[in-house]
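Listing of model.txt; format and content: compact mmCIF, C-alpha atoms.
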```
# COMPACT_ATOMS: atom_id res chain seq x y z
CA MET A 1 106.20 90.62 100.56
CA ILE A 2 103.49 89.72 98.10
CA THR A 3 104.30 90.60 94.50
CA ARG A 4 102.45 93.10 92.36
CA ARG A 5 101.46 90.30 89.99
CA ARG A 6 99.97 88.18 92.75
CA PHE A 7 98.06 91.14 94.16
CA VAL A 8 96.59 91.90 90.74
CA LEU A 9 95.56 88.27 90.36
CA VAL A 10 93.94 88.23 93.80
CA LEU A 11 92.10 91.48 93.13
CA SER A 12 91.01 90.38 89.67
CA ALA A 13 89.75 87.06 90.97
CA GLY A 14 87.68 88.83 93.61
CA LEU A 15 86.15 91.21 91.11
CA LEU A 16 85.43 88.44 88.62
CA ALA A 17 83.74 86.42 91.35
CA ALA A 18 81.49 89.35 92.16
CA PRO A 19 78.11 89.83 90.48
CA THR A 20 78.31 91.74 87.21
CA GLY A 21 76.53 94.88 88.32
CA LEU A 22 73.41 94.12 86.24
CA GLN A 23 71.16 94.43 89.28
CA ALA A 24 72.66 97.81 90.12
CA GLN A 25 71.90 98.99 86.59
CA THR A 26 68.39 97.62 86.25
CA SER A 27 66.77 97.48 89.69
CA GLY A 28 65.38 101.01 89.45
CA LYS A 29 66.42 101.71 93.04
CA THR A 30 68.81 104.45 94.09
CA TRP A 31 71.15 102.89 96.61
CA GLN A 32 72.17 105.13 99.49
CA ILE A 33 75.79 104.67 100.60
CA GLY A 34 76.75 106.33 103.87
CA VAL A 35 80.42 107.16 104.43
CA LEU A 36 81.56 107.74 108.01
CA SER A 37 85.06 108.95 108.91
CA SER A 38 86.85 110.70 111.75
CA MET A 39 89.13 112.38 109.22
CA GLN A 40 88.84 115.93 107.89
CA ARG A 41 86.07 116.65 105.44
CA PRO A 42 87.62 116.69 101.94
CA PRO A 43 87.46 119.97 100.00
CA ASP A 44 84.94 118.56 97.52
CA GLY A 45 82.78 117.07 100.28
CA LEU A 46 82.69 113.74 98.45
CA PRO A 47 83.62 110.20 99.49
CA PRO A 48 87.01 108.88 98.27
CA ALA A 49 87.29 109.00 94.49
CA THR A 50 88.60 105.42 94.29
CA LEU A 51 85.52 104.13 96.10
CA ARG A 52 83.18 105.98 93.75
CA LYS A 53 85.13 104.98 90.62
CA SER A 54 85.26 101.33 91.71
CA LEU A 55 81.52 101.27 92.35
CA ALA A 56 80.91 103.00 89.01
CA ALA A 57 82.85 100.18 87.34
CA LEU A 58 80.40 97.78 88.97
CA GLY A 59 77.40 99.64 87.55
CA TYR A 60 76.63 102.21 90.25
CA VAL A 61 76.16 105.58 88.57
CA GLU A 62 75.84 108.73 90.68
CA GLY A 63 72.65 110.57 89.93
CA LYS A 64 71.11 107.42 88.49
CA ASN A 65 71.19 104.49 90.89
CA VAL A 66 73.51 105.48 93.72
CA ALA A 67 73.79 108.46 96.08
CA TYR A 68 76.37 109.16 98.79
CA ALA A 69 75.91 110.66 102.24
CA GLY A 70 79.22 111.61 103.84
CA ARG A 71 79.92 112.42 107.48
CA TRP A 72 83.35 113.56 108.68
CA ALA A 73 84.29 114.33 112.28
CA ASP A 74 87.36 116.48 111.43
CA GLY A 75 89.25 114.66 114.17
CA LYS A 76 86.55 115.31 116.81
CA THR A 77 85.81 111.71 117.61
CA ALA A 78 83.40 112.66 120.42
CA ILE A 79 80.83 113.61 117.78
CA MET A 80 81.18 110.32 115.90
CA PRO A 81 78.16 108.62 117.54
CA ALA A 82 75.92 111.52 116.50
CA LEU A 83 77.23 111.38 112.93
CA ALA A 84 76.62 107.64 112.78
CA GLN A 85 73.08 108.15 114.03
CA GLU A 86 72.49 110.72 111.29
CA LEU A 87 73.29 108.10 108.66
CA VAL A 88 71.01 105.60 110.38
CA ASN A 89 68.21 108.18 110.41
CA GLU A 90 68.73 108.74 106.68
CA HIS A 91 68.09 105.01 106.14
CA VAL A 92 71.23 104.42 104.11
CA ASP A 93 71.58 100.94 102.62
CA VAL A 94 75.24 100.45 103.59
CA ILE A 95 77.65 102.34 105.86
CA VAL A 96 81.32 102.52 104.88
CA ALA A 97 83.24 103.31 108.08
CA THR A 98 86.94 104.20 107.99
CA GLY A 99 88.94 104.24 111.21
CA TRP A 100 88.19 102.56 114.53
CA PRO A 101 86.08 105.42 116.02
CA ALA A 102 83.87 105.38 112.93
CA ALA A 103 83.59 101.60 112.89
CA GLN A 104 82.70 101.44 116.58
CA ALA A 105 80.19 104.29 116.31
CA ALA A 106 78.50 102.66 113.33
CA LYS A 107 78.36 99.31 115.12
CA ASN A 108 76.80 100.95 118.19
CA ALA A 109 74.30 102.88 116.08
CA THR A 110 72.77 99.97 114.17
CA ASN A 111 72.61 96.20 114.19
CA THR A 112 70.65 96.01 110.94
CA ILE A 113 72.30 98.30 108.37
CA PRO A 114 75.33 96.54 106.82
CA ILE A 115 78.69 98.11 107.74
CA VAL A 116 81.92 97.79 105.75
CA ILE A 117 85.07 98.90 107.59
CA ALA A 118 88.69 99.72 106.77
CA PHE A 119 91.72 101.21 108.57
CA ALA A 120 90.13 100.38 111.93
CA GLY A 121 92.96 98.33 113.40
CA ASP A 122 92.76 94.64 114.24
CA ALA A 123 89.01 94.00 113.94
CA VAL A 124 89.13 90.88 116.11
CA GLY A 125 91.50 92.34 118.70
CA THR A 126 89.32 95.43 119.16
CA GLY A 127 86.14 93.38 119.41
CA LEU A 128 84.52 94.71 116.25
CA VAL A 129 84.01 91.16 114.95
CA THR A 130 84.20 87.67 116.41
CA SER A 131 86.43 86.26 113.68
CA LEU A 132 87.76 87.18 110.27
CA SER A 133 86.29 84.13 108.55
CA ARG A 134 82.78 84.68 109.93
CA PRO A 135 82.51 88.24 111.26
CA GLY A 136 78.99 87.83 112.63
CA ALA A 137 76.29 90.48 113.00
CA ASN A 138 76.18 93.25 110.37
CA LEU A 139 79.84 94.17 109.95
CA THR A 140 82.62 93.07 107.59
CA GLY A 141 85.43 94.62 105.55
CA ILE A 142 89.20 94.91 105.92
CA SER A 143 91.19 94.25 109.09
CA ASP A 144 94.73 95.42 109.85
CA MET A 145 97.74 93.10 110.13
CA ALA A 146 99.07 94.90 113.21
CA VAL A 147 101.51 92.23 114.37
CA GLU A 148 103.25 91.57 111.06
CA LEU A 149 103.32 95.20 109.92
CA SER A 150 104.66 96.59 113.19
CA ALA A 151 107.62 94.23 113.08
CA LYS A 152 108.30 94.86 109.40
CA ARG A 153 108.18 98.65 109.77
CA LEU A 154 110.65 98.54 112.65
CA GLU A 155 112.94 96.21 110.71
CA LEU A 156 112.96 98.63 107.78
CA LEU A 157 113.61 101.57 110.08
CA LYS A 158 116.49 99.77 111.78
CA GLU A 159 117.93 98.74 108.42
CA THR A 160 117.77 102.38 107.32
CA VAL A 161 119.31 103.68 110.56
CA PRO A 162 121.27 100.75 112.05
CA LYS A 163 122.24 102.62 115.22
CA VAL A 164 118.61 103.08 116.30
CA SER A 165 118.20 101.87 119.87
CA ARG A 166 115.33 104.06 121.13
CA ILE A 167 112.17 105.00 119.24
CA GLY A 168 109.60 107.62 120.19
CA VAL A 169 106.12 106.37 119.29
CA LEU A 170 103.31 108.87 118.71
CA TRP A 171 99.76 107.53 118.74
CA ASN A 172 96.23 108.50 119.71
CA GLN A 173 95.68 106.66 122.98
CA ALA A 174 91.92 107.31 122.83
CA ASP A 175 91.69 105.18 119.68
CA LEU A 176 91.56 101.48 120.57
CA GLY A 177 92.55 100.42 117.06
CA MET A 178 95.66 102.58 117.17
CA THR A 179 96.47 101.62 120.75
CA SER A 180 96.55 97.97 119.64
CA ARG A 181 99.03 98.97 116.94
CA TYR A 182 101.18 100.77 119.52
CA ARG A 183 101.23 97.63 121.67
CA GLU A 184 102.43 95.57 118.75
CA ILE A 185 105.14 98.15 118.02
CA ASP A 186 106.28 97.85 121.63
CA ARG A 187 106.40 94.05 121.39
CA ALA A 188 108.26 94.12 118.09
CA ALA A 189 110.75 96.66 119.44
CA ARG A 190 111.64 94.42 122.36
CA THR A 191 112.25 91.53 119.96
CA LEU A 192 114.63 93.73 117.98
CA GLY A 193 116.37 94.98 121.11
CA VAL A 194 114.98 98.50 120.74
CA SER A 195 113.38 100.50 123.56
CA VAL A 196 110.24 102.60 123.11
CA GLN A 197 109.38 106.06 124.40
CA ALA A 198 105.59 106.16 124.59
CA HIS A 199 104.02 109.47 123.59
CA GLY A 200 100.28 108.95 123.63
CA VAL A 201 98.22 111.99 122.59
CA LEU A 202 94.56 112.81 123.12
CA GLN A 203 94.24 116.26 121.54
CA ALA A 204 96.19 118.68 119.37
CA GLU A 205 97.78 120.40 122.38
CA ASP A 206 99.41 117.13 123.45
CA PHE A 207 101.79 117.17 120.49
CA ASP A 208 103.71 120.09 121.98
CA THR A 209 104.10 118.11 125.20
CA ALA A 210 105.37 115.11 123.24
CA PHE A 211 107.79 117.26 121.25
CA ALA A 212 109.13 118.85 124.44
CA ALA A 213 109.70 115.42 125.96
CA MET A 214 111.55 114.21 122.85
CA THR A 215 113.65 117.37 122.82
CA ARG A 216 114.71 116.74 126.43
CA ASP A 217 115.29 113.03 125.89
CA ARG A 218 116.03 112.64 122.21
CA PRO A 219 114.99 109.35 120.58
CA ASP A 220 116.99 107.89 117.71
CA ALA A 221 113.87 107.70 115.56
CA ILE A 222 110.13 108.46 115.58
CA PHE A 223 107.28 106.13 114.64
CA MET A 224 103.88 107.77 114.08
CA VAL A 225 100.75 105.62 114.18
CA SER A 226 98.18 107.10 111.80
CA ASP A 227 94.64 107.96 112.79
CA SER A 228 92.59 111.13 112.31
CA LEU A 229 94.29 113.03 115.16
CA THR A 230 97.87 112.25 114.19
CA THR A 231 97.20 112.62 110.48
CA ILE A 232 95.57 116.02 110.90
CA ASN A 233 98.69 117.07 112.85
CA ARG A 234 101.12 115.35 110.48
CA LYS A 235 102.85 118.54 109.34
CA ARG A 236 103.78 119.35 112.94
CA VAL A 237 105.28 115.89 113.37
CA ILE A 238 107.16 116.04 110.07
CA ASP A 239 108.47 119.54 110.78
CA PHE A 240 109.60 118.54 114.27
CA ALA A 241 111.42 115.47 112.97
CA ASP A 242 113.14 117.56 110.29
CA ALA A 243 114.14 120.32 112.70
CA GLN A 244 115.58 117.82 115.16
CA ARG A 245 117.08 115.67 112.41
CA ILE A 246 115.30 112.57 113.66
CA PRO A 247 114.43 109.80 111.16
CA ALA A 248 110.71 109.02 111.18
CA MET A 249 108.70 106.01 110.01
CA PHE A 250 105.10 106.45 108.91
CA GLU A 251 102.43 103.96 107.96
CA PHE A 252 101.07 105.40 104.71
CA SER A 253 102.69 106.84 101.59
CA VAL A 254 100.75 110.12 101.68
CA LEU A 255 102.82 111.11 104.72
CA VAL A 256 106.05 110.60 102.79
CA GLU A 257 104.62 112.64 99.93
CA ASN A 258 103.95 115.32 102.56
CA GLY A 259 107.63 115.28 103.61
CA GLY A 260 108.00 112.30 105.95
CA LEU A 261 111.13 110.17 105.61
CA MET A 262 109.67 106.73 104.88
CA SER A 263 106.54 104.61 105.07
CA TYR A 264 105.53 101.01 104.65
CA GLY A 265 101.91 99.97 104.43
CA PRO A 266 98.85 99.22 102.34
CA SER A 267 97.42 101.54 99.72
CA PHE A 268 94.27 103.59 100.27
CA ASP A 269 93.30 102.97 96.66
CA ASP A 270 93.66 99.20 97.02
CA ALA A 271 91.54 99.27 100.16
CA PHE A 272 88.73 101.31 98.66
CA GLN A 273 88.62 99.03 95.62
CA ARG A 274 87.97 96.13 97.97
CA ILE A 275 85.42 98.13 99.96
CA ALA A 276 83.53 98.67 96.70
CA TYR A 277 83.56 94.91 96.16
CA TYR A 278 82.01 94.37 99.61
CA VAL A 279 79.38 97.05 99.07
CA ASP A 280 78.42 95.47 95.76
CA ARG A 281 78.15 91.99 97.29
CA ILE A 282 75.95 93.29 100.08
CA ILE A 283 73.66 95.18 97.70
CA LYS A 284 73.33 91.95 95.71
CA GLY A 285 72.06 90.21 98.84
CA ALA A 286 75.11 88.85 100.64
CA LYS A 287 75.00 89.01 104.44
CA PRO A 288 77.92 90.84 106.10
CA ALA A 289 78.07 88.17 108.81
CA GLU A 290 78.92 85.60 106.14
CA LEU A 291 81.41 87.68 104.13
CA PRO A 292 84.93 86.84 105.39
CA MET A 293 87.01 89.86 106.27
CA GLU A 294 90.16 90.46 104.28
CA GLN A 295 93.59 91.68 105.26
CA PRO A 296 95.80 93.76 102.96
CA THR A 297 97.77 91.67 100.48
CA ARG A 298 100.14 94.30 99.09
CA PHE A 299 102.36 96.75 100.94
CA TYR A 300 104.26 99.71 99.57
CA LEU A 301 107.63 101.11 100.64
CA PHE A 302 108.04 104.86 100.03
CA VAL A 303 111.23 106.82 100.71
CA ASN A 304 111.81 110.58 100.60
CA GLN A 305 115.40 111.31 99.58
CA LYS A 306 114.90 115.05 99.97
CA THR A 307 113.99 114.56 103.62
CA ALA A 308 116.94 112.20 104.09
CA LYS A 309 119.26 114.97 102.94
CA THR A 310 117.53 117.46 105.24
CA ILE A 311 118.17 115.31 108.31
CA ALA A 312 121.63 114.31 107.06
CA ILE A 313 121.24 110.54 106.71
CA LYS A 314 122.04 108.25 103.82
CA ILE A 315 119.36 105.77 102.78
CA PRO A 316 121.02 102.38 102.18
CA ASP A 317 120.93 101.01 98.65
CA SER A 318 119.19 97.90 100.01
CA ILE A 319 116.21 100.09 100.97
CA LEU A 320 116.23 102.19 97.79
CA LEU A 321 116.25 99.10 95.56
CA ARG A 322 113.17 97.72 97.33
CA ALA A 323 111.26 101.00 97.42
CA ASP A 324 108.12 101.24 95.34
CA LYS A 325 108.72 104.96 95.04
CA VAL A 326 111.67 107.20 95.86
CA ILE A 327 110.85 110.90 96.11
CA GLU A 328 113.85 112.97 95.03
```
Represent the supplied structure as structure tokens.
Amino acid sequence: MITRRRFVLVLSAGLLAAPTGLQAQTSGKTWQIGVLSSMQRPPDGLPPATLRKSLAALGYVEGKNVAYAGRWADGKTAIMPALAQELVNEHVDVIVATGWPAAQAAKNATNTIPIVIAFAGDAVGTGLVTSLSRPGANLTGISDMAVELSAKRLELLKETVPKVSRIGVLWNQADLGMTSRYREIDRAARTLGVSVQAHGVLQAEDFDTAFAAMTRDRPDAIFMVSDSLTTINRKRVIDFADAQRIPAMFEFSVLVENGGLMSYGPSFDDAFQRIAYYVDRIIKGAKPAELPMEQPTRFYLFVNQKTAKTIAIKIPDSILLRADKVIE
């Protein structure tokens, strides 16, 4: 696992290598940043605060030289192409696309407007780019480490609950980025001698079907792959796991803060800081095709002790000592 110090050094080096933001402050142009996501529209209707704050630190001041146009599908990925086209029609300067449906829709909608992606799965494996070092076309950003992370998450889950032999995996099978993650989970499980119950969902109603199947044939643990559909329905998954006393692994810390047992994965804030770096480079004239894609360099282990007590398991000290945050 990369250390906090090394991550800070990597991040600082990237920011120091970036242009100073002078052009953003003095060009006289108001840059239009489009934000496209399949997630729920936030209550304030604004793009992620970390993205805006990171761009502000680079000289992009809302109301002065930058404006944001946000489009959220609220989990209805079928409308994503129309939302992407709206941003194209507004002639935004850059599109920030989060999630595979958003990234694919943006790519299909334009081959000229630069696109910066995150949380879209393995960008090469899903065909979004040709390679990480030279993405090609008009798209760059952050790509998942599906292989390494899937194995590590399962190892942590098995260390937490050593008797785990069968895991129920919930994922959105309509999302290619998340399907690739499911496949890597399945491969990693076989390496660890664990079997997988596949519970692919396509819509909210499918969660009840998955829960019924897991009630009939109880898994030893649950692994939820996060996309807009599963995240919007996260409370149902967490409540089911608690009611059935089934340990559950999640990918992002927000789900543990919402009551999930444990998570291991990158930080949203770290990702949006790097997205801001890419947006700045592109505005300064860099071509997306020539900006190497990054992969997360720091991963966070969160554990919810309150949930552990609810489902009557003891978190090993070896896990608690490594956790970045333990919720009591």
Task: Residues within 12 Å of (115.0, 98.4, 118.9), file coords, only C-alpha atoms, listed as a PyMOL selection string - done: chain A and resi 150-151+153-159+161-169+185-197+219-223
Could you take the residues named above and write them with C-alpha atoms, as an mmCIF file, keeping the file's coordinate frame?
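The result, stored in out-v5.cif:
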```
data_model
loop_
_atom_site.group_PDB
_atom_site.id
_atom_site.type_symbol
_atom_site.label_atom_id
_atom_site.label_comp_id
_atom_site.auth_asym_id
_atom_site.auth_seq_id
_atom_site.Cartn_x
_atom_site.Cartn_y
_atom_site.Cartn_z
ATOM 1 C CA SER A 150 104.660 96.590 113.190
ATOM 2 C CA ALA A 151 107.620 94.230 113.080
ATOM 3 C CA ARG A 153 108.180 98.650 109.770
ATOM 4 C CA LEU A 154 110.650 98.540 112.650
ATOM 5 C CA GLU A 155 112.940 96.210 110.710
ATOM 6 C CA LEU A 156 112.960 98.630 107.780
ATOM 7 C CA LEU A 157 113.610 101.570 110.080
ATOM 8 C CA LYS A 158 116.490 99.770 111.780
ATOM 9 C CA GLU A 159 117.930 98.740 108.420
ATOM 10 C CA VAL A 161 119.310 103.680 110.560
ATOM 11 C CA PRO A 162 121.270 100.750 112.050
ATOM 12 C CA LYS A 163 122.240 102.620 115.220
ATOM 13 C CA VAL A 164 118.610 103.080 116.300
ATOM 14 C CA SER A 165 118.200 101.870 119.870
ATOM 15 C CA ARG A 166 115.330 104.060 121.130
ATOM 16 C CA ILE A 167 112.170 105.000 119.240
ATOM 17 C CA GLY A 168 109.600 107.620 120.190
ATOM 18 C CA VAL A 169 106.120 106.370 119.290
ATOM 19 C CA ILE A 185 105.140 98.150 118.020
ATOM 20 C CA ASP A 186 106.280 97.850 121.630
ATOM 21 C CA ARG A 187 106.400 94.050 121.390
ATOM 22 C CA ALA A 188 108.260 94.120 118.090
ATOM 23 C CA ALA A 189 110.750 96.660 119.440
ATOM 24 C CA ARG A 190 111.640 94.420 122.360
ATOM 25 C CA THR A 191 112.250 91.530 119.960
ATOM 26 C CA LEU A 192 114.630 93.730 117.980
ATOM 27 C CA GLY A 193 116.370 94.980 121.110
ATOM 28 C CA VAL A 194 114.980 98.500 120.740
ATOM 29 C CA SER A 195 113.380 100.500 123.560
ATOM 30 C CA VAL A 196 110.240 102.600 123.110
ATOM 31 C CA GLN A 197 109.380 106.060 124.400
ATOM 32 C CA PRO A 219 114.990 109.350 120.580
ATOM 33 C CA ASP A 220 116.990 107.890 117.710
ATOM 34 C CA ALA A 221 113.870 107.700 115.560
ATOM 35 C CA ILE A 222 110.130 108.460 115.580
ATOM 36 C CA PHE A 223 107.280 106.130 114.640
#
```
TODO: List every protein, DNA or RNA residue that has an atom no more than 8 Å from (73.7, 109.1, 95.8) in the file's coordinate frame, counting only C-alpha atoms, and report them as a VMD selection string.
DONE: chain A and resid 30 to 33 62 to 69
TODO: For atom CA of A:Phe302 and atom CA of A:Ile232, determine how far apart the two atoms are, in Å to one decimal place.
DONE: 20.0 Å
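We find atom CA of A:Ser263 and atom CA of A:Leu149 to be spaced 11.1 Å apart.
Atom CA of A:Trp171 is found 18.7 Å from atom CA of A:Gly259.
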- [ ] Determine the nearest neighbour of A:Lys325 from the options A:Ala73, A:Ile313, A:Val256, A:Leu291, counting only C-alpha atoms.
- [x]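 Closest candidate: A:Val256.
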Open item on the list: Between A:Gly59, A:Pro316, A:Gly121, A:Gly136, which residue has the minimum interatomic distance to A:Pro296, considering all atoms listed in the file?
Closed with: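 Between A:Gly59, A:Pro316, A:Gly121, A:Gly136, the residue approaching A:Pro296 most closely is A:Gly121.
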Six-sided padding of 8 Å per side, axis-aligned box over stretch 100-108 of chain A, centre and edges in Å, one decimal, as lines of an AutoDock Vina configuration file:
```
center_x = 82.5
center_y = 102.4
center_z = 115.5
size_x = 27.4
size_y = 22.1
size_z = 21.3
```
- [ ] Find the residue from A:Pro266, A:Pro292, A:Gly75, A:Gly70 that sits nearest to A:Met145; use all atoms listed in the file when measuring.
- [x] A:Pro266
Task: Which of A:Gly141, A:Pro135, A:Gly177, A:Pro43 sits closest to A:Asp122 [using all atoms listed in the file] - done: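 Checking each candidate against A:Asp122, we get A:Gly177 as the closest.
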- [ ] Considering only C-alpha atoms, return as a VMD selection string whatever protein or nucleic-acid residues lie within 9 Å of A:Arg52, sequence-local ones (same chain, fewer than 5 positions apart) excluded.
- [x] chain A and resid 47 57 60 to 62 272 276
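Proximity of A:Val94, A:Val129, A:Ala212, A:Val225 to A:Asn172, computed with only C-alpha atoms, is greatest for A:Val225.
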Open item on the list: Could you check the closest approach to A:Arg216 for each of A:Thr230, A:Gln273, A:Gln244, A:Arg181 and tell me which residue wins, using all atoms listed in the file?
Closed with: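 Under the stated criterion, the closest residue is A:Gln244.
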Open item on the list: Can you tell me which residues surround A:Asn111 at a distance of at most 12 Å, considering all atoms listed in the file, apart from same-chain residues fewer than 4 positions away, and format the answer as a PyMOL selection string?
Closed with: chain A and resi 85+88+94-95+104-107+115+136-139+288-289
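Neighbouring residues of A:Ile315 at 8 Å or closer, counting only C-alpha atoms and skipping chain neighbours under 3 positions away, are Thr160, Gln305, Ala308, Ile319 and Leu320 of chain A.
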For the residues in that selection, give me C-alpha atoms as a PDB file, in the coordinates of the input.
```
ATOM      1  CA  THR A 160     117.770 102.380 107.320  1.00  0.00           C
ATOM      2  CA  GLN A 305     115.400 111.310  99.580  1.00  0.00           C
ATOM      3  CA  ALA A 308     116.940 112.200 104.090  1.00  0.00           C
ATOM      4  CA  ILE A 319     116.210 100.090 100.970  1.00  0.00           C
ATOM      5  CA  LEU A 320     116.230 102.190  97.790  1.00  0.00           C
TER       6      LEU A 320
END
```
- [ ] Tell me which protein, DNA and RNA residues are within 10 Å of A:Ala241, counting all atoms listed in the file, leaving out same-chain ones fewer than 6 positions away, and put them as a PyMOL selection string.
- [x] chain A and resi 211+214+221-222+235+247-248+260-261+307+311
Would you fill the gaps in stretch 210-233 of chain A so it has N, CA and C atoms, then print it as a compact mmCIF listing (two decimals), in the coordinates of the input?
```txt
# COMPACT_ATOMS: atom_id res chain seq x y z
N ALA A 210 104.55 116.22 123.75
CA ALA A 210 105.37 115.11 123.24
C ALA A 210 106.67 115.61 122.63
N PHE A 211 106.58 116.70 121.88
CA PHE A 211 107.79 117.26 121.25
C PHE A 211 108.78 117.75 122.31
N ALA A 212 108.26 118.37 123.36
CA ALA A 212 109.13 118.85 124.44
C ALA A 212 109.84 117.68 125.11
N ALA A 213 109.10 116.59 125.32
CA ALA A 213 109.70 115.42 125.96
C ALA A 213 110.78 114.82 125.07
N MET A 214 110.54 114.77 123.76
CA MET A 214 111.55 114.21 122.85
C MET A 214 112.74 115.14 122.66
N THR A 215 112.53 116.43 122.87
CA THR A 215 113.65 117.37 122.82
C THR A 215 114.56 117.18 124.03
N ARG A 216 113.94 116.96 125.20
CA ARG A 216 114.71 116.74 126.43
C ARG A 216 115.44 115.40 126.39
N ASP A 217 114.75 114.39 125.91
CA ASP A 217 115.29 113.03 125.89
C ASP A 217 115.15 112.50 124.47
N ARG A 218 116.13 112.83 123.66
CA ARG A 218 116.03 112.64 122.21
C ARG A 218 116.02 111.17 121.82
N PRO A 219 114.98 110.72 121.10
CA PRO A 219 114.99 109.35 120.58
C PRO A 219 115.85 109.27 119.32
N ASP A 220 116.21 108.07 118.92
CA ASP A 220 116.99 107.89 117.71
C ASP A 220 116.10 107.91 116.46
N ALA A 221 114.81 107.69 116.67
CA ALA A 221 113.87 107.70 115.56
C ALA A 221 112.46 107.91 116.11
N ILE A 222 111.54 108.26 115.22
CA ILE A 222 110.13 108.46 115.58
C ILE A 222 109.28 107.52 114.73
N PHE A 223 108.25 106.97 115.34
CA PHE A 223 107.28 106.13 114.64
C PHE A 223 105.91 106.73 114.92
N MET A 224 105.20 107.19 113.89
CA MET A 224 103.88 107.77 114.08
C MET A 224 102.80 106.79 113.61
N VAL A 225 101.90 106.45 114.52
CA VAL A 225 100.75 105.62 114.18
C VAL A 225 99.66 106.54 113.64
N SER A 226 99.10 106.19 112.49
CA SER A 226 98.18 107.10 111.80
C SER A 226 96.71 106.87 112.16
N ASP A 227 96.09 107.91 112.66
CA ASP A 227 94.64 107.96 112.79
C ASP A 227 94.26 109.40 112.45
N SER A 228 93.02 109.78 112.69
CA SER A 228 92.59 111.13 112.31
C SER A 228 93.38 112.21 113.06
N LEU A 229 93.61 112.01 114.36
CA LEU A 229 94.29 113.03 115.16
C LEU A 229 95.73 113.21 114.71
N THR A 230 96.47 112.12 114.58
CA THR A 230 97.87 112.25 114.19
C THR A 230 98.01 112.69 112.74
N THR A 231 97.11 112.23 111.89
CA THR A 231 97.20 112.62 110.48
C THR A 231 96.88 114.09 110.28
N ILE A 232 95.90 114.59 110.99
CA ILE A 232 95.57 116.02 110.90
C ILE A 232 96.76 116.87 111.36
N ASN A 233 97.53 116.35 112.32
CA ASN A 233 98.69 117.07 112.85
C ASN A 233 100.01 116.60 112.24
```
